[in-house]
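This report concerns only the one structure given below.
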Amino acid sequence: MASLIERRNIRSSNMQEEVKNADSETSSEYLSTWNGSSEKICMIDIDRIKPFEMNGQKQPYKINEAKIQRIMVSINDIGILQPLLVRPISDNTYQILAGHHRYIAAVRSGLHQVPCEVKRNIDDMTAYKMVAESNTRTDGTLPSEDARIIKFYMDNRKNDDANRTTKEIAAKFGISPKSIYRYLNLLNLIPRLVEKVDAKIIPFGRFDGLANILTAKQQEAVANYIDQYDIKKFSANEISCVCDYCLAGGAEAELTAEKVLELIAQRSEEKSRQSKEDRLYNRIYEAIPGLTMDQAELDELIIDLLKDYNKISKI
């Protein structure tokens, strides 16, 4: 019986012979031997390759300029190491399933051909899933990117067992089923606020009030406040402050960047005053161990004592 090495050599030799006899996509092709397996990788003219698009929607991930620059440096040094994953969409055109950053970097670097692994007989649904799977969690995806992918999966789940499918989608993204709906809720924010969540100016776990309570116009005011005053962190307490105001006034509550600033300043003053009061009560309770009066009773007592003190001081 042939050894593992002998079998691998025979297999490699057979594949090399197969490549010689196969019709190539272009004038050049080579073999990938990742993980001990070999697949045909074709060099395809770059002008025959198109970014992913389905029903007028482009691939859901934002292009990272810094990543493109890093790939360009690598291309200039050692070329493209990892082939693009593509599918044929016509006799002369291919669509990218994975490798949009590599594609853009190759175009900018002036390459005429790029290595591609071709996936045939891929329908639109499978293609979208391949785009999603090839990018999810690989480069620190943004909340909005994950939200769009999750929405696609949710919109196309089977109606006969929606709950089970929700759990499967949650497991795929490594989150709880409850978090699925938080991601979907993110898409209820106006685009400017979605950008603030992506930039971590608005905490991901705290934006729900903005999406559920504020109108689009009120959300615009919050975005204007963040931009106008160059806010680096819009805290949960500040979000609560704005939401409380809009909840009390409803859709008619007038909100501007200046009003947001005013509301936050008022909340800050209230917290500062409350903090001082808390320190006073703490001092009283520490000074008089066993005191059973609550803060309301203490307030009345302090007022009465001050009145008596005021009378005595005037004698």
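As shown in the structure tokens, the chain order sets the letters A, B, ...; within each chain, residues go from 1, and ligands are also counted from 1 in the order they appear.
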Quiz item: Would you give me, as a PyMOL selection string, the residues in range 82-144 of chain A that DSSP reads as strand (DSSP E)?
Solution: chain A and resi 84-88+94-98+113-118
Quiz item: range 175-192 of chain A: which residues within 10 Å, counting only C-alpha atoms, same-chain residues fewer than 2 positions away excluded, as a count of residues only?
Solution: 43
Self-check item: Contacts of Glu117 in chain A within 9 Å, only C-alpha atoms, excl. fewer than 6 positions in-chain, as a PyMOL selection string
Solution: chain A and resi 39-43+83-87
